[in-house]
$ cat model.tsv   # TSV, N, CA and C atoms
chain	number	residue	atom	x	y	z
Z	1	MET	N	166.80	36.16	107.60
Z	1	MET	CA	165.52	36.67	107.25
Z	1	MET	C	164.46	36.28	108.24
Z	2	ALA	N	164.59	35.17	108.79
Z	2	ALA	CA	163.64	34.71	109.78
Z	2	ALA	C	163.68	35.62	110.99
Z	3	GLU	N	164.88	36.15	111.28
Z	3	GLU	CA	165.00	37.06	112.41
Z	3	GLU	C	164.24	38.35	112.14
Z	4	LYS	N	164.29	38.85	110.89
Z	4	LYS	CA	163.57	40.09	110.54
Z	4	LYS	C	162.07	39.88	110.67
Z	5	GLU	N	161.62	38.71	110.26
Z	5	GLU	CA	160.18	38.45	110.36
Z	5	GLU	C	159.76	38.36	111.81
Z	6	GLU	N	160.62	37.78	112.66
Z	6	GLU	CA	160.31	37.66	114.07
Z	6	GLU	C	160.31	39.05	114.73
Z	7	GLN	N	161.19	39.94	114.30
Z	7	GLN	CA	161.23	41.29	114.87
Z	7	GLN	C	160.01	42.10	114.43
Z	8	GLN	N	159.54	41.86	113.23
Z	8	GLN	CA	158.38	42.60	112.73
Z	8	GLN	C	157.11	42.15	113.42
Z	9	LEU	N	157.01	40.86	113.77
Z	9	LEU	CA	155.80	40.38	114.43
Z	9	LEU	C	155.58	41.04	115.79
Z	10	PRO	N	156.60	41.15	116.66
Z	10	PRO	CA	156.36	41.84	117.91
Z	10	PRO	C	156.02	43.31	117.69
Z	11	ASN	N	156.64	43.96	116.73
Z	11	ASN	CA	156.32	45.37	116.44
Z	11	ASN	C	154.88	45.50	115.96
Z	12	SER	N	154.48	44.55	115.11
Z	12	SER	CA	153.11	44.63	114.58
Z	12	SER	C	152.12	44.33	115.69
Z	13	ASP	N	152.48	43.44	116.65
Z	13	ASP	CA	151.60	43.19	117.79
Z	13	ASP	C	151.46	44.45	118.66
Z	14	GLU	N	152.57	45.15	118.87
Z	14	GLU	CA	152.53	46.39	119.64
Z	14	GLU	C	151.71	47.45	118.91
Z	15	LEU	N	151.89	47.52	117.60
Z	15	LEU	CA	151.14	48.47	116.80
Z	15	LEU	C	149.65	48.13	116.85
Z	16	ALA	N	149.34	46.86	116.69
Z	16	ALA	CA	147.93	46.44	116.73
Z	16	ALA	C	147.33	46.74	118.10
Z	17	GLU	N	148.12	46.48	119.13
Z	17	GLU	CA	147.63	46.73	120.48
Z	17	GLU	C	147.44	48.24	120.72
Z	18	SER	N	148.36	49.05	120.26
Z	18	SER	CA	148.25	50.51	120.39
Z	18	SER	C	147.05	51.04	119.62
Z	19	LEU	N	146.88	50.52	118.39
Z	19	LEU	CA	145.73	50.94	117.60
Z	19	LEU	C	144.43	50.51	118.27
Z	20	ASN	N	144.43	49.31	118.82
Z	20	ASN	CA	143.24	48.81	119.50
Z	20	ASN	C	142.91	49.72	120.70
Z	21	GLU	N	143.93	50.09	121.50
Z	21	GLU	CA	143.73	50.98	122.63
Z	21	GLU	C	143.26	52.36	122.16
Z	22	PHE	N	143.85	52.83	121.07
Z	22	PHE	CA	143.47	54.13	120.51
Z	22	PHE	C	141.99	54.13	120.11
Z	23	PHE	N	141.60	53.11	119.33
Z	23	PHE	CA	140.21	53.05	118.87
Z	23	PHE	C	139.24	52.81	120.03
Z	24	THR	N	139.67	52.07	121.03
Z	24	THR	CA	138.84	51.87	122.22
Z	24	THR	C	138.65	53.20	122.95
Z	25	SER	N	139.71	53.97	123.09
Z	25	SER	CA	139.64	55.27	123.75
Z	25	SER	C	138.74	56.23	122.97
Z	26	VAL	N	138.93	56.23	121.64
Z	26	VAL	CA	138.10	57.11	120.80
Z	26	VAL	C	136.64	56.69	120.91
Z	27	SER	N	136.41	55.38	120.90
Z	27	SER	CA	135.05	54.86	121.02
Z	27	SER	C	134.43	55.27	122.35
Z	28	GLU	N	135.19	55.15	123.43
Z	28	GLU	CA	134.69	55.54	124.75
Z	28	GLU	C	134.41	57.04	124.80
Z	29	MET	N	135.30	57.82	124.17
Z	29	MET	CA	135.10	59.27	124.15
Z	29	MET	C	133.81	59.61	123.40
Z	30	ILE	N	133.58	58.97	122.27
Z	30	ILE	CA	132.38	59.24	121.48
Z	30	ILE	C	131.14	58.80	122.26
Z	31	LYS	N	131.21	57.63	122.93
Z	31	LYS	CA	130.08	57.16	123.73
Z	31	LYS	C	129.76	58.16	124.85
Z	32	SER	N	130.81	58.66	125.51
Z	32	SER	CA	130.61	59.63	126.59
Z	32	SER	C	129.99	60.92	126.06
Z	33	ASP	N	130.48	61.38	124.91
Z	33	ASP	CA	129.93	62.58	124.30
Z	33	ASP	C	128.47	62.39	123.93
Z	34	LEU	N	128.15	61.24	123.33
Z	34	LEU	CA	126.76	60.96	122.96
Z	34	LEU	C	125.87	60.82	124.19
Z	35	LEU	N	126.39	60.21	125.25
Z	35	LEU	CA	125.62	60.08	126.48
Z	35	LEU	C	125.36	61.45	127.08
Z	36	GLY	N	126.37	62.33	127.05
Z	36	GLY	CA	126.18	63.70	127.54
Z	36	GLY	C	125.13	64.44	126.73
Z	37	SER	N	125.20	64.29	125.41
Z	37	SER	CA	124.21	64.94	124.54
Z	37	SER	C	122.82	64.38	124.80
Z	38	SER	N	122.75	63.07	124.99
Z	38	SER	CA	121.46	62.43	125.27
Z	38	SER	C	120.89	62.94	126.59
Z	39	ASN	N	121.74	63.07	127.59
Z	39	ASN	CA	121.29	63.59	128.89
Z	39	ASN	C	120.81	65.03	128.77
Z	40	GLN	N	121.53	65.83	127.99
Z	40	GLN	CA	121.12	67.22	127.79
Z	40	GLN	C	119.77	67.30	127.07
Z	41	LEU	N	119.57	66.44	126.09
Z	41	LEU	CA	118.29	66.41	125.37
Z	41	LEU	C	117.15	65.98	126.30
Z	42	ALA	N	117.43	64.99	127.15
Z	42	ALA	CA	116.41	64.54	128.10
Z	42	ALA	C	116.05	65.67	129.06
Z	43	LEU	N	117.06	66.40	129.54
Z	43	LEU	CA	116.82	67.53	130.43
Z	43	LEU	C	116.02	68.62	129.72
Z	44	LEU	N	116.40	68.90	128.49
Z	44	LEU	CA	115.69	69.91	127.71
Z	44	LEU	C	114.23	69.52	127.50
Z	45	GLU	N	114.00	68.24	127.25
Z	45	GLU	CA	112.62	67.76	127.07
Z	45	GLU	C	111.82	67.95	128.36
Z	46	LYS	N	112.43	67.63	129.51
Z	46	LYS	CA	111.74	67.82	130.79
Z	46	LYS	C	111.44	69.29	131.04
Z	47	MET	N	112.41	70.14	130.69
Z	47	MET	CA	112.20	71.58	130.87
Z	47	MET	C	111.07	72.08	129.98
Z	48	ASN	N	111.03	71.60	128.75
Z	48	ASN	CA	109.97	72.00	127.82
Z	48	ASN	C	108.60	71.56	128.34
Z	49	LEU	N	108.53	70.35	128.88
Z	49	LEU	CA	107.26	69.87	129.43
Z	49	LEU	C	106.83	70.72	130.63
Z	50	ARG	N	107.79	71.09	131.46
Z	50	ARG	CA	107.48	71.91	132.64
Z	50	ARG	C	106.98	73.29	132.22
Z	51	VAL	N	107.66	73.87	131.25
Z	51	VAL	CA	107.24	75.19	130.76
Z	51	VAL	C	105.86	75.11	130.11
Z	52	ALA	N	105.62	74.03	129.37
Z	52	ALA	CA	104.31	73.85	128.73
Z	52	ALA	C	103.21	73.76	129.79
Z	53	GLU	N	103.48	73.05	130.89
Z	53	GLU	CA	102.50	72.95	131.97
Z	53	GLU	C	102.25	74.33	132.59
Z	54	GLU	N	103.32	75.08	132.79
Z	54	GLU	CA	103.19	76.41	133.38
Z	54	GLU	C	102.36	77.32	132.49
Z	55	TYR	N	102.65	77.32	131.20
Z	55	TYR	CA	101.91	78.18	130.29
Z	55	TYR	C	100.47	77.71	130.13
Z	56	LYS	N	100.23	76.41	130.26
Z	56	LYS	CA	98.86	75.91	130.20
Z	56	LYS	C	98.08	76.48	131.37
Z	57	GLY	N	98.71	76.48	132.55
Z	57	GLY	CA	98.07	77.06	133.72
Z	57	GLY	C	97.80	78.54	133.53
Z	58	LEU	N	98.75	79.26	132.95
Z	58	LEU	CA	98.56	80.69	132.69
Z	58	LEU	C	97.46	80.91	131.66
Z	59	GLY	N	97.37	80.02	130.69
Z	59	GLY	CA	96.31	80.12	129.69
Z	59	GLY	C	94.95	79.96	130.34
Z	60	ASP	N	94.85	79.04	131.29
Z	60	ASP	CA	93.59	78.85	132.01
Z	60	ASP	C	93.24	80.10	132.82
Z	61	VAL	N	94.26	80.69	133.45
Z	61	VAL	CA	94.03	81.92	134.22
Z	61	VAL	C	93.57	83.04	133.30
Z	62	ALA	N	94.23	83.19	132.16
Z	62	ALA	CA	93.86	84.24	131.20
Z	62	ALA	C	92.44	84.04	130.70
Z	63	SER	N	92.07	82.79	130.45
Z	63	SER	CA	90.72	82.50	129.99
Z	63	SER	C	89.70	82.87	131.07
Z	64	GLY	N	90.02	82.53	132.31
Z	64	GLY	CA	89.13	82.90	133.41
Z	64	GLY	C	89.01	84.41	133.56
Z	65	MET	N	90.12	85.11	133.39
Z	65	MET	CA	90.11	86.57	133.48
Z	65	MET	C	89.26	87.18	132.36
Z	66	ARG	N	89.35	86.59	131.17
Z	66	ARG	CA	88.55	87.09	130.04
Z	66	ARG	C	87.07	86.97	130.35
Z	67	VAL	N	86.67	85.82	130.90
Z	67	VAL	CA	85.26	85.61	131.26
Z	67	VAL	C	84.84	86.62	132.33
Z	68	PHE	N	85.71	86.83	133.32
Z	68	PHE	CA	85.42	87.78	134.39
Z	68	PHE	C	85.24	89.19	133.84
Z	69	VAL	N	86.12	89.60	132.94
Z	69	VAL	CA	86.03	90.95	132.34
Z	69	VAL	C	84.73	91.09	131.54
Z	70	GLU	N	84.36	90.04	130.82
Z	70	GLU	CA	83.10	90.10	130.06
Z	70	GLU	C	81.90	90.24	131.00
Z	71	GLN	N	81.94	89.55	132.13
Z	71	GLN	CA	80.86	89.67	133.11
Z	71	GLN	C	80.81	91.08	133.69
Z	72	LEU	N	81.99	91.65	133.97
Z	72	LEU	CA	82.02	93.02	134.49
Z	72	LEU	C	81.47	94.02	133.48
Z	73	LYS	N	81.82	93.80	132.20
Z	73	LYS	CA	81.30	94.69	131.16
Z	73	LYS	C	79.78	94.61	131.10
Z	74	ALA	N	79.24	93.39	131.20
Z	74	ALA	CA	77.79	93.21	131.16
Z	74	ALA	C	77.14	93.91	132.36
Z	75	LYS	N	77.77	93.79	133.52
Z	75	LYS	CA	77.22	94.44	134.72
Z	75	LYS	C	77.33	95.96	134.62
Z	76	SER	N	78.45	96.44	134.10
Z	76	SER	CA	78.64	97.89	134.02
Z	76	SER	C	77.69	98.52	133.01
Z	77	GLY	N	77.24	97.74	132.03
Z	77	GLY	CA	76.27	98.25	131.06
Z	77	GLY	C	74.98	98.64	131.75
Z	78	GLY	N	74.63	97.97	132.84
Z	78	GLY	CA	73.42	98.29	133.58
Z	78	GLY	C	73.54	99.60	134.35
Z	79	PHE	N	74.75	100.06	134.58
Z	79	PHE	CA	74.97	101.31	135.32
Z	79	PHE	C	74.92	102.53	134.42
Z	80	ASP	N	74.89	102.35	133.12
Z	80	ASP	CA	74.89	103.50	132.20
Z	80	ASP	C	73.71	104.43	132.46
Z	81	GLU	N	72.52	103.85	132.70
Z	81	GLU	CA	71.33	104.66	132.96
Z	81	GLU	C	71.53	105.50	134.23
Z	82	TYR	N	72.10	104.87	135.28
Z	82	TYR	CA	72.33	105.59	136.53
Z	82	TYR	C	73.40	106.67	136.36
Z	83	ILE	N	74.40	106.39	135.56
Z	83	ILE	CA	75.44	107.38	135.31
Z	83	ILE	C	74.85	108.60	134.61
Z	84	ASN	N	73.96	108.36	133.65
Z	84	ASN	CA	73.31	109.48	132.95
Z	84	ASN	C	72.46	110.30	133.93
Z	85	GLN	N	71.75	109.61	134.82
Z	85	GLN	CA	70.93	110.32	135.81
Z	85	GLN	C	71.81	111.15	136.74
Z	86	ILE	N	72.93	110.60	137.16
Z	86	ILE	CA	73.85	111.33	138.04
Z	86	ILE	C	74.40	112.56	137.34
Z	87	GLU	N	74.72	112.43	136.05
Z	87	GLU	CA	75.23	113.58	135.29
Z	87	GLU	C	74.16	114.67	135.19
Z	88	LYS	N	72.89	114.27	134.99
Z	88	LYS	CA	71.81	115.25	134.93
Z	88	LYS	C	71.65	115.96	136.27
Z	89	ILE	N	71.71	115.19	137.36
Z	89	ILE	CA	71.61	115.78	138.69
Z	89	ILE	C	72.77	116.74	138.93
Z	90	GLU	N	73.96	116.35	138.49
Z	90	GLU	CA	75.12	117.22	138.65
Z	90	GLU	C	74.93	118.54	137.91
Z	91	ASN	N	74.39	118.47	136.69
Z	91	ASN	CA	74.12	119.71	135.93
Z	91	ASN	C	73.08	120.57	136.64
Z	92	GLN	N	72.03	119.92	137.18
Z	92	GLN	CA	70.99	120.67	137.89
Z	92	GLN	C	71.57	121.33	139.15
Z	93	VAL	N	72.46	120.62	139.85
Z	93	VAL	CA	73.08	121.19	141.04
Z	93	VAL	C	73.92	122.40	140.67
Z	94	THR	N	74.64	122.32	139.55
Z	94	THR	CA	75.46	123.45	139.10
Z	94	THR	C	74.57	124.65	138.80
Z	95	GLU	N	73.44	124.42	138.12
Z	95	GLU	CA	72.51	125.51	137.81
Z	95	GLU	C	71.91	126.07	139.10
Z	96	PHE	N	71.57	125.18	140.05
Z	96	PHE	CA	71.00	125.60	141.34
Z	96	PHE	C	72.00	126.45	142.10
Z	97	GLU	N	73.27	126.08	142.08
Z	97	GLU	CA	74.32	126.86	142.74
Z	97	GLU	C	74.42	128.25	142.12
Z	98	ALA	N	74.27	128.33	140.80
Z	98	ALA	CA	74.32	129.64	140.13
Z	98	ALA	C	73.13	130.50	140.56
Z	99	VAL	N	71.96	129.89	140.66
Z	99	VAL	CA	70.77	130.64	141.09
Z	99	VAL	C	70.94	131.11	142.53
Z	100	ILE	N	71.46	130.24	143.39
Z	100	ILE	CA	71.68	130.61	144.80
Z	100	ILE	C	72.67	131.76	144.89
Z	101	SER	N	73.71	131.70	144.08
Z	101	SER	CA	74.70	132.78	144.08
Z	101	SER	C	74.05	134.10	143.69
Z	102	MET	N	73.20	134.08	142.67
Z	102	MET	CA	72.51	135.30	142.23
Z	102	MET	C	71.57	135.79	143.33
Z	103	LEU	N	70.84	134.87	143.98
Z	103	LEU	CA	69.93	135.25	145.06
Z	103	LEU	C	70.71	135.83	146.24
Z	104	ASP	N	71.87	135.25	146.54
Z	104	ASP	CA	72.70	135.74	147.63
Z	104	ASP	C	73.14	137.17	147.36
Z	105	LYS	N	73.55	137.44	146.12
Z	105	LYS	CA	73.94	138.80	145.75
Z	105	LYS	C	72.75	139.75	145.86
Z	106	HIS	N	71.59	139.29	145.40
Z	106	HIS	CA	70.39	140.14	145.44
Z	106	HIS	C	69.98	140.42	146.89
Z	107	ILE	N	70.06	139.39	147.76
Z	107	ILE	CA	69.71	139.58	149.17
Z	107	ILE	C	70.71	140.53	149.82
Z	108	SER	N	71.97	140.39	149.49
Z	108	SER	CA	72.99	141.31	150.04
Z	108	SER	C	72.68	142.74	149.62
Z	109	MET	N	72.28	142.92	148.39
Z	109	MET	CA	71.95	144.25	147.89
Z	109	MET	C	70.71	144.80	148.60
Z	110	LEU	N	69.67	143.96	148.79
Z	110	LEU	CA	68.46	144.39	149.50
Z	110	LEU	C	68.77	144.71	150.95
Z	111	GLU	N	69.65	143.89	151.55
Z	111	GLU	CA	70.03	144.13	152.93
Z	111	GLU	C	70.73	145.47	153.06
Z	112	SER	N	71.58	145.78	152.12
Z	112	SER	CA	72.28	147.06	152.13
Z	112	SER	C	71.28	148.21	152.02
Z	113	LYS	N	70.30	148.07	151.16
Z	113	LYS	CA	69.30	149.13	150.98
Z	113	LYS	C	68.46	149.30	152.24
Z	114	VAL	N	68.08	148.15	152.85
Z	114	VAL	CA	67.27	148.22	154.07
Z	114	VAL	C	68.08	148.90	155.17
Z	115	LEU	N	69.35	148.54	155.31
Z	115	LEU	CA	70.20	149.16	156.32
Z	115	LEU	C	70.34	150.66	156.05
Z	116	SER	N	70.47	150.98	154.78
Z	116	SER	CA	70.62	152.38	154.40
Z	116	SER	C	69.34	153.16	154.74
Z	117	VAL	N	68.19	152.57	154.46
Z	117	VAL	CA	66.92	153.22	154.74
Z	117	VAL	C	66.73	153.35	156.26
Z	118	CYS	N	67.08	152.31	156.98
Z	118	CYS	CA	66.94	152.34	158.44
Z	118	CYS	C	67.85	153.40	159.03
Z	119	GLN	N	69.01	153.59	158.52
Z	119	GLN	CA	69.94	154.58	159.04
Z	119	GLN	C	69.46	155.99	158.69
Z	120	ASN	N	68.90	156.17	157.52
Z	120	ASN	CA	68.40	157.48	157.11
Z	120	ASN	C	67.18	157.86	157.94
Z	121	SER	N	66.31	156.91	158.25
Z	121	SER	CA	65.11	157.23	159.03
Z	121	SER	C	65.46	157.42	160.50
Z	122	ALA	N	66.51	156.90	160.95
Z	122	ALA	CA	66.92	157.03	162.34
Z	122	ALA	C	67.55	158.41	162.54
Z	123	THR	N	68.06	159.00	161.55
Z	123	THR	CA	68.71	160.31	161.69
Z	123	THR	C	67.78	161.43	161.46
$ encode --input "model.tsv" --output "structure tokens"
Amino acid sequence: MAEKEEQQLPNSDELAESLNEFFTSVSEMIKSDLLGSSNQLALLEKMNLRVAEEYKGLGDVASGMRVFVEQLKAKSGGFDEYINQIEKIENQVTEFEAVISMLDKHISMLESKVLSVCQNSAT
């Protein structure tokens, strides 16, 4: 019986050693996995901070553009009076062109009559 107990002790030492190696390997694997996850989270945090900085800059640009557009609107409001005057002048020019066209037709007609009279008196 003493021999059986002696045979079991070396087997149990081998088993204990194998289990110890197994749990050490599993522990190392879990540590590596957690370290990888931690590194990924750190990278993600850095990326988020970088994107936040970029969007903050874009927000500043958008705010500046909004102010610029408001200034342009205020300036363009002063041109409304001039635009109305230009439209009135444009309408007057259109009417003037119509009058000139009518006068041109009338002069052409008078010229024809004068030529006709001159030709009749010459004969």
$ atom_distance --input "model.tsv" --atom1 "atom N of Asp33 of chain Z" --atom2 "atom CA of Leu49 of chain Z"
25.1 Å
$ atom_distance --input "model.tsv" --atom1 "atom CA of Lys113 of chain Z" --atom2 "atom N of Glu95 of chain Z"
28.2 Å
$ atom_distance --input "model.tsv" --atom1 "atom C of Cys118 of chain Z" --atom2 "atom N of Ile100 of chain Z"
28.2 Å
$ decode --input "model.tsv" --residues "segment 51-70 of chain Z" --atoms "N, CA and C atoms" --output "PDB file, in the first residue's frame"
ATOM      1  N   VAL Z  51     -11.352  64.113 -32.680  1.00  0.00           N
ATOM      2  CA  VAL Z  51     -12.560  64.474 -33.439  1.00  0.00           C
ATOM      3  C   VAL Z  51     -13.283  65.643 -32.764  1.00  0.00           C
ATOM      4  N   ALA Z  52     -13.328  65.627 -31.439  1.00  0.00           N
ATOM      5  CA  ALA Z  52     -13.974  66.724 -30.710  1.00  0.00           C
ATOM      6  C   ALA Z  52     -13.258  68.042 -30.989  1.00  0.00           C
ATOM      7  N   GLU Z  53     -11.923  68.019 -31.027  1.00  0.00           N
ATOM      8  CA  GLU Z  53     -11.158  69.228 -31.336  1.00  0.00           C
ATOM      9  C   GLU Z  53     -11.471  69.708 -32.753  1.00  0.00           C
ATOM     10  N   GLU Z  54     -11.540  68.759 -33.682  1.00  0.00           N
ATOM     11  CA  GLU Z  54     -11.818  69.112 -35.076  1.00  0.00           C
ATOM     12  C   GLU Z  54     -13.196  69.754 -35.206  1.00  0.00           C
ATOM     13  N   TYR Z  55     -14.189  69.146 -34.576  1.00  0.00           N
ATOM     14  CA  TYR Z  55     -15.541  69.690 -34.665  1.00  0.00           C
ATOM     15  C   TYR Z  55     -15.658  71.011 -33.921  1.00  0.00           C
ATOM     16  N   LYS Z  56     -14.869  71.197 -32.871  1.00  0.00           N
ATOM     17  CA  LYS Z  56     -14.882  72.480 -32.173  1.00  0.00           C
ATOM     18  C   LYS Z  56     -14.385  73.557 -33.116  1.00  0.00           C
ATOM     19  N   GLY Z  57     -13.321  73.244 -33.851  1.00  0.00           N
ATOM     20  CA  GLY Z  57     -12.806  74.192 -34.832  1.00  0.00           C
ATOM     21  C   GLY Z  57     -13.835  74.493 -35.908  1.00  0.00           C
ATOM     22  N   LEU Z  58     -14.533  73.467 -36.374  1.00  0.00           N
ATOM     23  CA  LEU Z  58     -15.569  73.676 -37.388  1.00  0.00           C
ATOM     24  C   LEU Z  58     -16.725  74.489 -36.819  1.00  0.00           C
ATOM     25  N   GLY Z  59     -17.032  74.281 -35.557  1.00  0.00           N
ATOM     26  CA  GLY Z  59     -18.090  75.068 -34.917  1.00  0.00           C
ATOM     27  C   GLY Z  59     -17.714  76.537 -34.870  1.00  0.00           C
ATOM     28  N   ASP Z  60     -16.445  76.811 -34.591  1.00  0.00           N
ATOM     29  CA  ASP Z  60     -15.975  78.195 -34.582  1.00  0.00           C
ATOM     30  C   ASP Z  60     -16.075  78.813 -35.978  1.00  0.00           C
ATOM     31  N   VAL Z  61     -15.712  78.022 -36.992  1.00  0.00           N
ATOM     32  CA  VAL Z  61     -15.806  78.510 -38.370  1.00  0.00           C
ATOM     33  C   VAL Z  61     -17.262  78.791 -38.722  1.00  0.00           C
ATOM     34  N   ALA Z  62     -18.152  77.872 -38.369  1.00  0.00           N
ATOM     35  CA  ALA Z  62     -19.585  78.059 -38.671  1.00  0.00           C
ATOM     36  C   ALA Z  62     -20.129  79.294 -37.966  1.00  0.00           C
ATOM     37  N   SER Z  63     -19.698  79.510 -36.738  1.00  0.00           N
ATOM     38  CA  SER Z  63     -20.144  80.689 -35.999  1.00  0.00           C
ATOM     39  C   SER Z  63     -19.657  81.959 -36.689  1.00  0.00           C
ATOM     40  N   GLY Z  64     -18.408  81.944 -37.117  1.00  0.00           N
ATOM     41  CA  GLY Z  64     -17.871  83.096 -37.842  1.00  0.00           C
ATOM     42  C   GLY Z  64     -18.608  83.341 -39.144  1.00  0.00           C
ATOM     43  N   MET Z  65     -18.948  82.262 -39.845  1.00  0.00           N
ATOM     44  CA  MET Z  65     -19.692  82.388 -41.101  1.00  0.00           C
ATOM     45  C   MET Z  65     -21.084  82.967 -40.850  1.00  0.00           C
ATOM     46  N   ARG Z  66     -21.710  82.549 -39.755  1.00  0.00           N
ATOM     47  CA  ARG Z  66     -23.041  83.067 -39.430  1.00  0.00           C
ATOM     48  C   ARG Z  66     -22.978  84.571 -39.211  1.00  0.00           C
ATOM     49  N   VAL Z  67     -21.972  85.026 -38.476  1.00  0.00           N
ATOM     50  CA  VAL Z  67     -21.806  86.464 -38.228  1.00  0.00           C
ATOM     51  C   VAL Z  67     -21.570  87.194 -39.554  1.00  0.00           C
ATOM     52  N   PHE Z  68     -20.736  86.612 -40.413  1.00  0.00           N
ATOM     53  CA  PHE Z  68     -20.442  87.219 -41.709  1.00  0.00           C
ATOM     54  C   PHE Z  68     -21.704  87.343 -42.555  1.00  0.00           C
ATOM     55  N   VAL Z  69     -22.515  86.289 -42.582  1.00  0.00           N
ATOM     56  CA  VAL Z  69     -23.765  86.308 -43.366  1.00  0.00           C
ATOM     57  C   VAL Z  69     -24.716  87.369 -42.819  1.00  0.00           C
ATOM     58  N   GLU Z  70     -24.786  87.488 -41.504  1.00  0.00           N
ATOM     59  CA  GLU Z  70     -25.652  88.515 -40.914  1.00  0.00           C
ATOM     60  C   GLU Z  70     -25.180  89.918 -41.305  1.00  0.00           C
TER      61      GLU Z  70
END
